[in-house]
Structures are given as C-alpha cells and as structure tokens.
Protein chains: 2
Amino acid sequence: MITIYDIAAKAGVSAMTVSRVINNTGRISEKTRKRVRKVMEELHYIPNMLARSLVSQKTHLLSLLITDITNPFYTTLARGAEDAAKKAGYRLLFANSDEDYAKEKDYIDMILTTRVDGVLLAPTGDHSLENLNQLRKHHIPFVVLDREIPGIDVDVVLGDSKAGARNLVEHLIRLGHRRIALVNGLQDVSTARLRYTGYEEAHRLSGLQLDESLIVHLGYRDFHDDSALDQLFQLEQPPTAIFAANNMLAVGVIQSLRARGFHVPGDISVVCFDDFGPAGAINPFLTVASQPAYQFGQLGMQLLIERLESENNYEFRKIMLPSQLIVRSSTLPLSP
Amino acid sequence: MITIYDIAAKAGVSAMTVSRVINNTGRISEKTRKRVRKVMEELHYIPNMLARSLVSQKTHLLSLLITDITNPFYTTLARGAEDAAKKAGYRLLFANSDEDYAKEKDYIDMILTTRVDGVLLAPTGDHSLENLNQLRKHHIPFVVLDREIPGIDVDVVLGDSKAGARNLVEHLIRLGHRRIALVNGLQDVSTARLRYTGYEEAHRLSGLQLDESLIVHLGYRDFHDDSALDQLFQLEQPPTAIFAANNMLAVGVIQSLRARGFHVPGDISVVCFDDFGPAGAINPFLTVASQPAYQFGQLGMQLLIERLESENNYEFRKIMLPSQLIVRSSTLPLSP
DNA sequence: CTGTTAGCGCATTCAG
DNA sequence: CTGAATGCGCTAACAG
C-alpha cells in the first residue's frame with residue numbers, strides 16, 4: 001500500500017507537505033505542489049479513509065436503514081437519499097431491517113462500531129425507541145423517516161397518513177360502499193394507527209357506523225398471510241371493498257382474492273396506501289394514495305446533513321408530506 | 001468516546017488485557033475477564049472499527065454496486081447479497097450506478113478510499129473494464145454479476161441470456177408471430193448482445209428471415225424514450241409482437257403502446273426478460289423469462305467471501321443461472 | 001512555505 | 001496469564 005510517506009520520500013519532501021497538497025490546506029509553493037501531485041499519480045496513490053477518519057473523527061459515511069428493500073416506496077426513497085448524500089459528498093451505508101426489530105438492533109450496533117457520521121432510518125415501530133436512544137446516547141445524529149416514534153424528540157419526515165387514508169375511504173364511500181374492510185399494519189407502527197384514524201374519520205364524517213370486525217392486522221411485509229382474508233369472508237356480511245394499509249398488503253389482498261375466485265373490481269373494490277414505482281406502471285390498476293417517496297429520502301437526507309454540519313443544536317423539525325389520491329380501475333361503484 | 005484505555009483504567013488492568021477480552025484471544029483468567037466485561041457494559045463501550053481496521057488492514061466491509069436500485073431484479077439480488085454477507089459477518093456498502101459509467105467510476109474511487117475488503121458489482125457495460133482493472137490494481141477482490149466483461153478474467157455470476165431470449169422468441173413464433181421486434185439494451189452490455197443472439201437463433205432455427213429494421217436499442221433504464229416505438233410503427237409492416245430485453249424496457253414499451261391506443265395482447269403481444277418482484281404480483285400479466293435474482297446476489301456474495309477468506313488464489317469461476325419462461329397473458333396467437 | 005512531534009484507538013510482538 | 005513498547009496512515013499544532 002502506498003502511503004503519504006512513500007510519496008514524500010520520492011518527492012523529496014515531508015509527509016506533512018504531501019498531506020497539505022492532498023487537502024489543499026496551508027500554503028504550498030506551486031512547484032512542490034506540482035511535484036507532489038506528479039508522484040502521487042505515478043504511484044497511484046489512494047488516500048486511506050480509515051487513517052484519516054481516525055484522526056478527524058469523521059467518516060463521511062452515513063447510514064440509511066429502511067424496513068423493506070423490495071418495497072418500491074423504500075427503493076425510491078433510497079434513491080432520493082442517495083442523490084442528496086452524493087451531492088453533499090457523503091457515502092451511504094445501506095441496510096434493510098425487514099420490519100424486524102432484532103435485525104434493526106443488529107444494524108444499529110454495526111452502525112455504532114462503524115462510526116458513521118449520521119443515520120437516516122425508517123424505524124420498524126414504536127419499540128425502535130430503544131434503538132434511537134442508543135444512537136442518541138452515542139451522539140450519532142439521526143433523522144427518522146416515514147414513522148413517528150412516541151417518546152422522543154427528533155427530526156422526522158412523515159407522510160400524511162390520516163388524510164391519505166381518509167381520502168381513500170371517502171372515495172369508496174362516494175362509490176356507495178358501506179362495508180369497507182381495513183387490512184392494516186401492526187398497531188406498533190404510527191402509520192398504521194393513523195391510517196386507522198383516517199379510516200375511522202371517513203366513516204364518522206359520513207355518518208357511517210364503523211364495524212370493528214372488518215379490521216384485521218398484519219405486518220407490513222406479511223402479505224403472504226392469507227388468514228386475514230379468511231376472517232373477513234367468514235363474516236355474515238362480508239366487505240364490498242378493502243383498504244390495504246400499504247402496497248405490499250395490497251399485493252397480498254389481491255392475490256388472496258384472486259385465489260378465492262373474486263374479481264377486482266367486479267366483485268370487490270380495493271384501494272391502498274403507496275404506489276408501485278416503475279414496475280407498477282405496467283398495469284396501473286390499483287387506486288392508491290401515492291406518497292412522494294423520492295422526497296422522503298431527499299428531504300430526510302438534507303435534514304440530516306444540515307444537522308451534521310451546523311454547529312448549533314437548533315430545534316427538531318417535522319416535515320409532513322402530502323399524499324395524492326390516484327383513482328384507477330380497482331374501484332367500482334357498488335352495484336345494488 | 002470510551003476507549004479500551006478507559007476500560008483498562010477502571011478495571012485496573014492494561015489496555016492489552018481489555019483488547020484480549022474483546023477479541024477472545026490469548027489466555028485470560030476468568031476473574032479478570034468478568035471484571036473487564038462488567039466495566040465495558042457499565043461504560044457502554046463500543047469498539048472502534050476504524051482503529052481496529054487500521055491495524056488489521058481489514059474493514060469487514062463489502063461493497064455492492066448495482067446499476068438500478070428501482071429495478072426489482074436488482075433489489076431482489078441485493079437482498080440475496082445482503083443476507084449472505086450478514087451470515088458471514090460482513091457489512092455492506094450499497095451503491096447505485098444508474099447505468100452510468102461516470103457514476104460507477106465515482107463509486108469505484110469511493111470504494112478504493114474506503115478500503116472495503118471486497119466488491120460485488122453489476123458493471124454498467126464493457127467499458128467498465130477500466131474500473132475493474134482499477135480494483136485489481138489495488139488488490140481489491142471483486143465478483144462480477146449479471147454481465148460479462150470481455151478482456152478480464154474474473155469470478156462471475158451470469159444468467160443464461162441467450163437461452164432465455166430464445167425461449168421467449170420461440171414462444172412468440174409458436175403463436176404464429178413472424179414480425180417480432182426486439183427493443184434491446186445497448187450493445188456495450190453483454191446481456192444485450194446475448195439476448196440479440198438468442199433472438200437471432202430462434203429465427204434461424206425456425207427458418208425465419210430476420211429483419212434488422214425490427215431492432216431498436218435503448219439504455220436499460222431509458223424506458224421513457226418513446227422514439228424507439230415510433231421507428232417500429234413507421235415500418236411498412238409493423239411488428240405483431242415485441243420482445244423487450246429487460247423489465248424496465250417492457251414498462252416503457254407497454255406505456256408507449258397504450259399511449260398509441262394499442263391493446264396488449266389484443267393488438268400486439270409483448271414479452272420481456274426479468275420479472276417484476278412483489279409489485280408485479282398485483283397483476284401478473286407479462287410473459288417473461290424470469291431469472292433467480294436472489295441467487296445472483298447470494299451466490300455472488302458467497303464467491304466473493306470465499307475468495308476473501310481463502311489464502312490460495314484458485315481459478316476464477318463462472319456460474320451460469322438458468323432463466324424460466326413464464327407464460328402469462330401478454331401474448332396471444334397471431335390472428336389471421 | 002515546510003518540517004517535527006505527537007496522538008487518533010487498537011492489536012501485534014515481545015517480555016515478564 | 002498480563003503488560004510495555006511500537007506502529008497502522010494520517011493530520012493538528014507547533015517550530016522554524
């Protein structure tokens with residue numbers, strides 16, 4: 001491995017001078033600067049971040065922890081985060097918790113030993129509080145994405161889950177649906193709670209009675225779990241429409257319905273939160289509440305970098321991004 | 001920041017003893033081991049990877065460089081790679097080149113200064129040779145995924161692009177199609193060349209004349225480029241079927257067709273390479289040559305780690321993974 | 001403008 | 001079984 005000492009020796013200067021040339025710091029005569037540069041190229045010198053970071057206590061490494069890398073919402077978010085990080089000269093350490101608290105904890109430990117400068121993360125749920133406190137204890141700045149964690153004051157970028165859910169359900173109500181099932185995420189996750197609230201609000205504002213037996217809970221990734229739909233269709237009055245609380249759950253719902261021989265939207269209408277990215281463009285079919293995923297990542301990363309680079313500890317900020325109702329062909333007026 | 005010296009002082013031992021406890025190396029009496037462990041917990045000690053890596057010359061960091069993080073093929077591949085890396089105790093530095101050589105080069109530079117132990121990468125194209133040589137010059141082990149690079153001997157995990165393409169085209173021929181367009185990637189990418197070869201082979205083996213005017217080229221990500229289809233539909237005898245060389249191109253093709261008022265498969269049949277992951281399950285529609293994306297990542301990572309951890313420089317290995325023809329509803333027999 | 005000294009946190013080597 | 005000295009590659013602080 002070529003070090004600054006190798007360069008220094010060959011260029012007939014001290015290591016310090018080489019360091020100064022590399023970092024454009026201090027005053028160096030143009031002549032020696034050129035000589036050093038030339039030797040650096042000849043020897044294919046590559047600075048060693050490890051050594052540099054050990055001294056500076058800065059790695060210029062950030063970490064992005066998401067909960068599902070196969071979910072287009074998060075991959076689009078990741079691109080936003082990546083672009084913003086790159087623009088600011090930071091590298092990104094990706095990780096994927098799979099909606100699993102234990103995996104999340106493992107990654108937080110990794111992050112701690114890796115000495116990243118900051119963390120951008122979508123927490124798995126309320127219990128992530130412990131992991132966040134862990135980060136804070138070790139003075140690693142972080143920004144939370146997509147899900148609010150009760151009990152801790154943080155920078156956070158959220159979607160408007162309540163309004164989005166209300167829009168979706170009101171759309172169904174306008175179409176005449178009265179028995180609308182909610183296939184929700186776990187109550188440990190703020191978005192699931194708020195999507196329920198929106199669902200409830202839509203009912204209340206329309207003067208509709210809410211039937212709790214129409215609500216089932218699954219993990220946001222557990223879209224292969226078919227038992228939820230069993231439950232719904234064993235009801236005396238089964239639903240005529242289903243609101244899936246995220247895109248992956250919608251995939252499961254659609255597959256289950258298909259397996260049961262139901263036609264969407266002929267037999268039953270389906271809507272969900274979050275869109276499907278480029279892959280979904282093949283057959284834009286589901287009526288969704290679409291969120292600006294790219295901006296989640298981009299804005300979150302900006303918040304993080306601002307906090308990293310500013311000295312003063314200004315207030316925590318909370319950004320709420322709107323969702324957009326996109327009506328497509330998975331919903332139909334209720335036939336009498 | 002708590003260091004081993006802090007622990008040592010509080011536990012009344014030397015830093016070296018602490019180091020030994022942490023790494024389970026050397027012989028330590030059970031008594032002092034316990035004492036040290038206790039102090040470590042009390043002080044919330046976290047080992048500093050930077051310092052450790054600087055000494056050991058190993059970061060236990062690997063890098064995964066893919067070309068499109070919004071493509072389900074690559075995200076599924078990423079999960080395979082991540083799982084395999086995690087199992088072996090490595091952390092993963094993700095990056096996304098966007099099919100852009102310059103971005104790829106930037107990331108290779110980053111990788112070099114970060115001193116990762118190894119790299120798993122899907123190259124952007126043949127010209128990536130230069131980037132690979134750069135890695136080799138600096139003795140960073142790497143494994144290539146998905147695309148073959150002429151002019152360099154490497155470990156590589158490939159799909160069988162030729163056979164997959166032939167299967168798709170033969171399927172169309174069996175349905176009676178004779179004018180089959182190929183919306184291909186750029187010729188700088190091995191998969192695009194091989195998919196062309198499969199396309200050509202299918203024609204030849206069926207005794208069909210190949211019409212070069214039915215072939216257009218786009219970047220694998222440039223699915224918004226509509227001009228390609230213009231070209232095809234200005235032909236005197238336009239195609240009755242289209243083979244898109246990857247999933248993203250298929251998205252573009254379908255969108256363009258829809259914009260032109262064509263119905264798939266009623267007016268025209270469409271097939272493509274690569275499937276669409278969970279999001280595609282909503283409406284399984286396209287007839288595809290599906291590749292085992294997860295295995296690409298998993299096997300590639302295994303090759304990489306084996307090479308990292310074995311001392312001897314055994315031969316380079318080439319793994320070819322089969323693709324599977326999945327016939328769905330985007331193809332129809334040619335109506336007379 | 002350039003060089004010397006010291007130290008970032010840890011592990012290897014050699015002594016005890 | 002445990003400790004002291006040394007160095008990984010680099011840069012901050014001080015000298016010249």
# chains A, B, ... in the order shown; residues from 1 in each chain; ligands from 1

call {"tool": "residues_around", "arguments": {"residues": "region 2-15 of chain C", "least_positions_apart": "6", "cutoff": "6 Å", "atoms": "only C-alpha atoms (C1' of nucleotides)", "output": "list in words"}}
result
Leu54 and Val55 of chain A; Ala51 and Arg52 of chain B

call {"tool": "write_last_selection", "arguments": {"atoms": "N, CA and C atoms", "output": "short mmCIF file (atom, residue, chain, number, x, y, z; two decimals), in the first residue's frame"}}
result
data_model
loop_
_atom_site.label_atom_id
_atom_site.label_comp_id
_atom_site.auth_asym_id
_atom_site.auth_seq_id
_atom_site.Cartn_x
_atom_site.Cartn_y
_atom_site.Cartn_z
N LEU A 54 -9.78 8.26 11.54
CA LEU A 54 -9.34 8.02 12.92
C LEU A 54 -8.86 9.33 13.54
N VAL A 55 -8.20 10.13 12.72
CA VAL A 55 -7.72 11.42 13.21
C VAL A 55 -8.85 12.43 13.32
N ALA B 51 -10.16 2.22 14.14
CA ALA B 51 -8.85 1.91 14.71
C ALA B 51 -8.51 0.45 14.47
N ARG B 52 -9.48 -0.39 14.69
CA ARG B 52 -9.26 -1.81 14.52
C ARG B 52 -8.84 -2.12 13.07
#

call {"tool": "residues_around", "arguments": {"residues": "Ile2 (chain A)", "least_positions_apart": "5", "cutoff": "9 Å", "atoms": "only C-alpha atoms (C1' of nucleotides)", "output": "list in words"}}
result
Ile7, Leu43, His44, Tyr45, Ile46 and Pro47 of chain A

call {"tool": "residues_around", "arguments": {"residues": "Ile69 (chain A)", "least_positions_apart": "6", "cutoff": "9 Å", "atoms": "only C-alpha atoms (C1' of nucleotides)", "output": "MDAnalysis selection string"}}
result
(chainID A and resid 75 78 95:98) or (chainID B and resid 75:76 78:79)

call {"tool": "closest_atom_pairs", "arguments": {"of": "chain B", "to": "chain A", "cutoff": "9 Å", "atoms": "only C-alpha atoms", "output": "tab-separated table"}}
result
residue	atom	partner	partner_atom	distance
B:Met1	CA	A:His138	CA	8.2
B:His44	CA	A:His138	CA	8.9
B:Ile46	CA	A:Thr113	CA	6.0
B:Pro47	CA	A:Thr113	CA	5.7
B:Asn48	CA	A:Thr113	CA	5.4
B:Met49	CA	A:Thr114	CA	5.4
B:Leu50	CA	A:Leu50	CA	5.5
B:Ala51	CA	A:Leu54	CA	6.4
B:Ser53	CA	A:Leu50	CA	7.2
B:Leu54	CA	A:Leu50	CA	6.0
B:Thr59	CA	A:Leu50	CA	8.8
B:Ile69	CA	A:Thr75	CA	6.4
B:Thr70	CA	A:Thr75	CA	5.8
B:Asn71	CA	A:Ala279	CA	7.6
B:Pro72	CA	A:Thr70	CA	6.9
B:Thr75	CA	A:Thr70	CA	5.9
B:Thr76	CA	A:Thr70	CA	6.5
B:Ala78	CA	A:Ile69	CA	8.2
B:Arg79	CA	A:Ile69	CA	7.4
B:Glu82	CA	A:Ala95	CA	8.2
B:Arg91	CA	A:Met110	CA	7.7
B:Leu92	CA	A:Leu93	CA	6.8
B:Leu93	CA	A:Leu93	CA	4.6
B:Phe94	CA	A:Phe94	CA	5.4
B:Ala95	CA	A:Leu92	CA	7.5
B:Asn96	CA	A:Arg79	CA	8.3
B:Tyr107	CA	A:Arg91	CA	8.9
B:Asp109	CA	A:Ile46	CA	8.6
B:Met110	CA	A:Arg91	CA	7.7
B:Leu112	CA	A:Ile46	CA	7.1
B:Thr113	CA	A:Asn48	CA	5.4
B:Thr114	CA	A:Met49	CA	5.4
B:Arg115	CA	A:Asn48	CA	7.0
B:His138	CA	A:Met1	CA	8.2
B:Asn247	CA	A:Ala279	CA	7.9
B:Met248	CA	A:Ala279	CA	7.3
B:Ala250	CA	A:Ile282	CA	7.8
B:Val251	CA	A:Ile282	CA	5.1
B:Gly252	CA	A:Ile282	CA	8.1
B:Val253	CA	A:Ile282	CA	9.0
B:Ile254	CA	A:Ile282	CA	6.3
B:Gln255	CA	A:Ile282	CA	6.9
B:Phe276	CA	A:Ala279	CA	6.1
B:Gly277	CA	A:Thr70	CA	7.6
B:Pro278	CA	A:Val251	CA	7.2
B:Ala279	CA	A:Phe276	CA	6.1
B:Gly280	CA	A:Ala279	CA	6.4
B:Ala281	CA	A:Val251	CA	6.4
B:Ile282	CA	A:Val251	CA	5.1
B:Asn283	CA	A:Asn283	CA	7.0
B:Phe285	CA	A:Asn283	CA	8.1
B:Leu286	CA	A:Ile282	CA	8.6

call {"tool": "closest_atom_pairs", "arguments": {"of": "chain B", "to": "chain D", "cutoff": "7 Å", "atoms": "only C-alpha atoms (C1' of nucleotides)", "output": "Markdown table"}}
result
| residue | atom | partner | partner_atom | distance |
| --- | --- | --- | --- | --- |
| B:Ser14 | CA | D:DG3 | C1' | 6.4 |
| B:Thr17 | CA | D:DT2 | C1' | 6.9 |
| B:Arg27 | CA | D:DC1 | C1' | 6.2 |
| B:Ile28 | CA | D:DC1 | C1' | 6.0 |
| B:Ser29 | CA | D:DC1 | C1' | 6.8 |
| B:Leu54 | CA | D:DC8 | C1' | 5.2 |
| B:Val55 | CA | D:DC8 | C1' | 4.6 |

call {"tool": "write_last_selection", "arguments": {"atoms": "N, CA and C atoms", "output": "PDB file, in the first residue's frame"}}
result
ATOM      1  N   SER B  14      -4.352  -3.626  32.072  1.00  0.00           N
ATOM      2  CA  SER B  14      -3.778  -2.873  30.953  1.00  0.00           C
ATOM      3  C   SER B  14      -4.733  -2.908  29.762  1.00  0.00           C
ATOM      4  N   THR B  17      -5.037  -6.217  27.978  1.00  0.00           N
ATOM      5  CA  THR B  17      -5.925  -7.229  28.543  1.00  0.00           C
ATOM      6  C   THR B  17      -7.356  -7.002  28.061  1.00  0.00           C
ATOM      7  N   ARG B  27      -4.824 -16.042  26.657  1.00  0.00           N
ATOM      8  CA  ARG B  27      -5.417 -16.633  27.861  1.00  0.00           C
ATOM      9  C   ARG B  27      -5.646 -15.539  28.891  1.00  0.00           C
ATOM     10  N   ILE B  28      -6.856 -15.508  29.394  1.00  0.00           N
ATOM     11  CA  ILE B  28      -7.220 -14.533  30.425  1.00  0.00           C
ATOM     12  C   ILE B  28      -7.896 -15.293  31.560  1.00  0.00           C
ATOM     13  N   SER B  29      -7.570 -14.951  32.762  1.00  0.00           N
ATOM     14  CA  SER B  29      -8.226 -15.626  33.888  1.00  0.00           C
ATOM     15  C   SER B  29      -9.701 -15.237  33.895  1.00  0.00           C
ATOM     16  N   LEU B  54      -7.566  -0.108  10.897  1.00  0.00           N
ATOM     17  CA  LEU B  54      -6.286   0.493  10.542  1.00  0.00           C
ATOM     18  C   LEU B  54      -5.154  -0.457  10.900  1.00  0.00           C
ATOM     19  N   VAL B  55      -5.308  -1.124  12.001  1.00  0.00           N
ATOM     20  CA  VAL B  55      -4.291  -2.080  12.411  1.00  0.00           C
ATOM     21  C   VAL B  55      -4.369  -3.372  11.586  1.00  0.00           C
TER      22      VAL B  55
END

call {"tool": "select_by_dssp", "arguments": {"residues": "region 94-163 of chain B", "states": "helix (DSSP H, G or I)", "output": "number ranges by chain"}}
result
B: 101-114, 126-137, 161-163

call {"tool": "write_last_selection", "arguments": {"atoms": "N, CA and C atoms", "output": "PDB file, in the first residue's frame"}}
result
ATOM      1  N   TYR B 101     -21.659   5.169 -16.500  1.00  0.00           N
ATOM      2  CA  TYR B 101     -20.256   4.834 -16.310  1.00  0.00           C
ATOM      3  C   TYR B 101     -19.551   5.817 -15.377  1.00  0.00           C
ATOM      4  N   ALA B 102     -19.860   7.081 -15.519  1.00  0.00           N
ATOM      5  CA  ALA B 102     -19.193   8.084 -14.691  1.00  0.00           C
ATOM      6  C   ALA B 102     -19.523   7.890 -13.211  1.00  0.00           C
ATOM      7  N   LYS B 103     -20.799   7.623 -12.930  1.00  0.00           N
ATOM      8  CA  LYS B 103     -21.178   7.363 -11.545  1.00  0.00           C
ATOM      9  C   LYS B 103     -20.467   6.121 -11.029  1.00  0.00           C
ATOM     10  N   GLU B 104     -20.397   5.124 -11.880  1.00  0.00           N
ATOM     11  CA  GLU B 104     -19.722   3.897 -11.493  1.00  0.00           C
ATOM     12  C   GLU B 104     -18.277   4.192 -11.102  1.00  0.00           C
ATOM     13  N   LYS B 105     -17.632   4.984 -11.920  1.00  0.00           N
ATOM     14  CA  LYS B 105     -16.231   5.333 -11.660  1.00  0.00           C
ATOM     15  C   LYS B 105     -16.096   6.080 -10.330  1.00  0.00           C
ATOM     16  N   ASP B 106     -17.003   7.016 -10.103  1.00  0.00           N
ATOM     17  CA  ASP B 106     -17.002   7.730  -8.826  1.00  0.00           C
ATOM     18  C   ASP B 106     -17.083   6.753  -7.655  1.00  0.00           C
ATOM     19  N   TYR B 107     -17.988   5.813  -7.787  1.00  0.00           N
ATOM     20  CA  TYR B 107     -18.162   4.864  -6.690  1.00  0.00           C
ATOM     21  C   TYR B 107     -16.946   3.978  -6.516  1.00  0.00           C
ATOM     22  N   ILE B 108     -16.311   3.607  -7.616  1.00  0.00           N
ATOM     23  CA  ILE B 108     -15.109   2.787  -7.506  1.00  0.00           C
ATOM     24  C   ILE B 108     -14.036   3.573  -6.740  1.00  0.00           C
ATOM     25  N   ASP B 109     -13.942   4.846  -7.036  1.00  0.00           N
ATOM     26  CA  ASP B 109     -12.977   5.676  -6.304  1.00  0.00           C
ATOM     27  C   ASP B 109     -13.299   5.704  -4.812  1.00  0.00           C
ATOM     28  N   MET B 110     -14.581   5.897  -4.530  1.00  0.00           N
ATOM     29  CA  MET B 110     -15.015   5.872  -3.131  1.00  0.00           C
ATOM     30  C   MET B 110     -14.628   4.555  -2.477  1.00  0.00           C
ATOM     31  N   ILE B 111     -14.919   3.495  -3.172  1.00  0.00           N
ATOM     32  CA  ILE B 111     -14.654   2.159  -2.656  1.00  0.00           C
ATOM     33  C   ILE B 111     -13.179   1.998  -2.333  1.00  0.00           C
ATOM     34  N   LEU B 112     -12.362   2.520  -3.197  1.00  0.00           N
ATOM     35  CA  LEU B 112     -10.922   2.408  -3.012  1.00  0.00           C
ATOM     36  C   LEU B 112     -10.468   3.141  -1.748  1.00  0.00           C
ATOM     37  N   THR B 113     -10.970   4.344  -1.558  1.00  0.00           N
ATOM     38  CA  THR B 113     -10.505   5.083  -0.384  1.00  0.00           C
ATOM     39  C   THR B 113     -11.127   4.536   0.895  1.00  0.00           C
ATOM     40  N   THR B 114     -12.290   3.906   0.760  1.00  0.00           N
ATOM     41  CA  THR B 114     -12.946   3.359   1.945  1.00  0.00           C
ATOM     42  C   THR B 114     -12.280   2.079   2.414  1.00  0.00           C
ATOM     43  N   ASP B 126     -19.235  -2.964 -21.088  1.00  0.00           N
ATOM     44  CA  ASP B 126     -17.893  -3.434 -21.401  1.00  0.00           C
ATOM     45  C   ASP B 126     -16.804  -2.455 -20.965  1.00  0.00           C
ATOM     46  N   HIS B 127     -17.099  -1.182 -21.085  1.00  0.00           N
ATOM     47  CA  HIS B 127     -16.115  -0.155 -20.719  1.00  0.00           C
ATOM     48  C   HIS B 127     -15.817  -0.160 -19.221  1.00  0.00           C
ATOM     49  N   SER B 128     -16.636  -0.876 -18.454  1.00  0.00           N
ATOM     50  CA  SER B 128     -16.360  -0.997 -17.019  1.00  0.00           C
ATOM     51  C   SER B 128     -15.032  -1.697 -16.786  1.00  0.00           C
ATOM     52  N   LEU B 129     -14.518  -2.292 -17.836  1.00  0.00           N
ATOM     53  CA  LEU B 129     -13.216  -2.964 -17.755  1.00  0.00           C
ATOM     54  C   LEU B 129     -12.195  -2.094 -17.033  1.00  0.00           C
ATOM     55  N   GLU B 130     -12.222  -0.821 -17.365  1.00  0.00           N
ATOM     56  CA  GLU B 130     -11.257   0.094 -16.770  1.00  0.00           C
ATOM     57  C   GLU B 130     -11.434   0.163 -15.246  1.00  0.00           C
ATOM     58  N   ASN B 131     -12.687   0.224 -14.818  1.00  0.00           N
ATOM     59  CA  ASN B 131     -12.950   0.259 -13.385  1.00  0.00           C
ATOM     60  C   ASN B 131     -12.537  -1.031 -12.695  1.00  0.00           C
ATOM     61  N   LEU B 132     -12.765  -2.140 -13.378  1.00  0.00           N
ATOM     62  CA  LEU B 132     -12.370  -3.417 -12.791  1.00  0.00           C
ATOM     63  C   LEU B 132     -10.847  -3.501 -12.681  1.00  0.00           C
ATOM     64  N   ASN B 133     -10.176  -3.043 -13.712  1.00  0.00           N
ATOM     65  CA  ASN B 133      -8.717  -3.052 -13.659  1.00  0.00           C
ATOM     66  C   ASN B 133      -8.194  -2.179 -12.529  1.00  0.00           C
ATOM     67  N   GLN B 134      -8.896  -1.107 -12.303  1.00  0.00           N
ATOM     68  CA  GLN B 134      -8.564  -0.222 -11.193  1.00  0.00           C
ATOM     69  C   GLN B 134      -8.642  -0.988  -9.867  1.00  0.00           C
ATOM     70  N   LEU B 135      -9.712  -1.721  -9.692  1.00  0.00           N
ATOM     71  CA  LEU B 135      -9.853  -2.519  -8.474  1.00  0.00           C
ATOM     72  C   LEU B 135      -8.716  -3.535  -8.372  1.00  0.00           C
ATOM     73  N   ARG B 136      -8.446  -4.175  -9.484  1.00  0.00           N
ATOM     74  CA  ARG B 136      -7.432  -5.221  -9.452  1.00  0.00           C
ATOM     75  C   ARG B 136      -6.061  -4.638  -9.136  1.00  0.00           C
ATOM     76  N   LYS B 137      -5.788  -3.498  -9.707  1.00  0.00           N
ATOM     77  CA  LYS B 137      -4.503  -2.851  -9.463  1.00  0.00           C
ATOM     78  C   LYS B 137      -4.293  -2.617  -7.970  1.00  0.00           C
ATOM     79  N   SER B 161     -28.648 -15.548 -20.828  1.00  0.00           N
ATOM     80  CA  SER B 161     -29.401 -14.588 -21.634  1.00  0.00           C
ATOM     81  C   SER B 161     -29.788 -15.164 -22.988  1.00  0.00           C
ATOM     82  N   LYS B 162     -28.879 -15.911 -23.572  1.00  0.00           N
ATOM     83  CA  LYS B 162     -29.139 -16.420 -24.916  1.00  0.00           C
ATOM     84  C   LYS B 162     -30.320 -17.387 -24.897  1.00  0.00           C
ATOM     85  N   ALA B 163     -30.240 -18.371 -24.008  1.00  0.00           N
ATOM     86  CA  ALA B 163     -31.313 -19.369 -23.950  1.00  0.00           C
ATOM     87  C   ALA B 163     -32.638 -18.717 -23.562  1.00  0.00           C
TER      88      ALA B 163
END

call {"tool": "select_by_dssp", "arguments": {"residues": "region 7-235 of chain B", "states": "strand (DSSP E or B)", "output": "JSON list (two decimals) with C-alpha atoms, in the first residue's frame"}}
result
[["chain", "number", "residue", "atom", "x", "y", "z"],
["B", 61, "LEU", "CA", -16.95, -4.02, 4.86],
["B", 62, "LEU", "CA", -18.03, -5.16, 1.41],
["B", 63, "SER", "CA", -19.49, -3.08, -1.36],
["B", 64, "LEU", "CA", -22.41, -3.92, -3.61],
["B", 65, "LEU", "CA", -22.64, -1.79, -6.71],
["B", 66, "ILE", "CA", -25.77, -2.27, -8.81],
["B", 91, "ARG", "CA", -21.36, -5.27, 6.49],
["B", 92, "LEU", "CA", -22.47, -3.99, 3.14],
["B", 93, "LEU", "CA", -21.94, -0.64, 1.48],
["B", 94, "PHE", "CA", -24.59, -0.27, -1.21],
["B", 95, "ALA", "CA", -24.30, 1.88, -4.25],
["B", 96, "ASN", "CA", -26.26, 2.51, -7.37],
["B", 118, "GLY", "CA", -14.20, -6.70, -1.49],
["B", 119, "VAL", "CA", -16.69, -5.64, -4.11],
["B", 120, "LEU", "CA", -19.69, -7.27, -5.70],
["B", 121, "LEU", "CA", -20.77, -5.41, -8.78],
["B", 142, "PHE", "CA", -14.30, -8.50, -6.65],
["B", 143, "VAL", "CA", -17.03, -10.60, -8.21],
["B", 144, "VAL", "CA", -18.98, -9.56, -11.27],
["B", 145, "LEU", "CA", -22.73, -10.03, -11.52],
["B", 155, "ASP", "CA", -15.42, -14.61, -10.81],
["B", 156, "VAL", "CA", -18.80, -14.02, -12.31],
["B", 157, "VAL", "CA", -22.45, -14.99, -11.87],
["B", 158, "LEU", "CA", -24.45, -14.76, -15.06],
["B", 159, "GLY", "CA", -27.90, -15.55, -16.33],
["B", 180, "ILE", "CA", -41.13, -9.79, -33.83],
["B", 181, "ALA", "CA", -39.46, -6.56, -32.78],
["B", 182, "LEU", "CA", -36.53, -6.51, -30.37],
["B", 183, "VAL", "CA", -36.29, -3.50, -28.06],
["B", 184, "ASN", "CA", -32.78, -4.16, -26.87],
["B", 215, "ILE", "CA", -34.45, -3.99, -33.83],
["B", 216, "VAL", "CA", -34.01, -0.85, -31.76],
["B", 217, "HIS", "CA", -31.57, -0.02, -28.97]]

call {"tool": "closest_residue", "arguments": {"among": "B:Ser269, B:Ser206, B:Ser330, B:Thr25", "to": "chain C", "atoms": "only C-alpha atoms (C1' of nucleotides)"}}
result
B:Thr25

call {"tool": "atom_distance", "arguments": {"atom1": "CA of Ala259 (chain B)", "atom2": "CA of Glu170 (chain B)"}}
result
27.6 Å

call {"tool": "residues_around", "arguments": {"residues": "Arg166 (chain A)", "least_positions_apart": "6", "cutoff": "7 Å", "atoms": "only C-alpha atoms (C1' of nucleotides)", "output": "PyMOL selection string"}}
result
chain A and resi 198-199+201-202

call {"tool": "write_last_selection", "arguments": {"atoms": "C-alpha atoms", "output": "short mmCIF file (atom, residue, chain, number, x, y, z; two decimals), in the first residue's frame"}}
result
data_model
loop_
_atom_site.label_atom_id
_atom_site.label_comp_id
_atom_site.auth_asym_id
_atom_site.auth_seq_id
_atom_site.Cartn_x
_atom_site.Cartn_y
_atom_site.Cartn_z
CA GLY A 198 -58.30 8.31 8.78
CA TYR A 199 -60.46 5.29 8.11
CA GLU A 201 -62.78 9.66 10.45
CA ALA A 202 -64.11 9.00 6.99
#
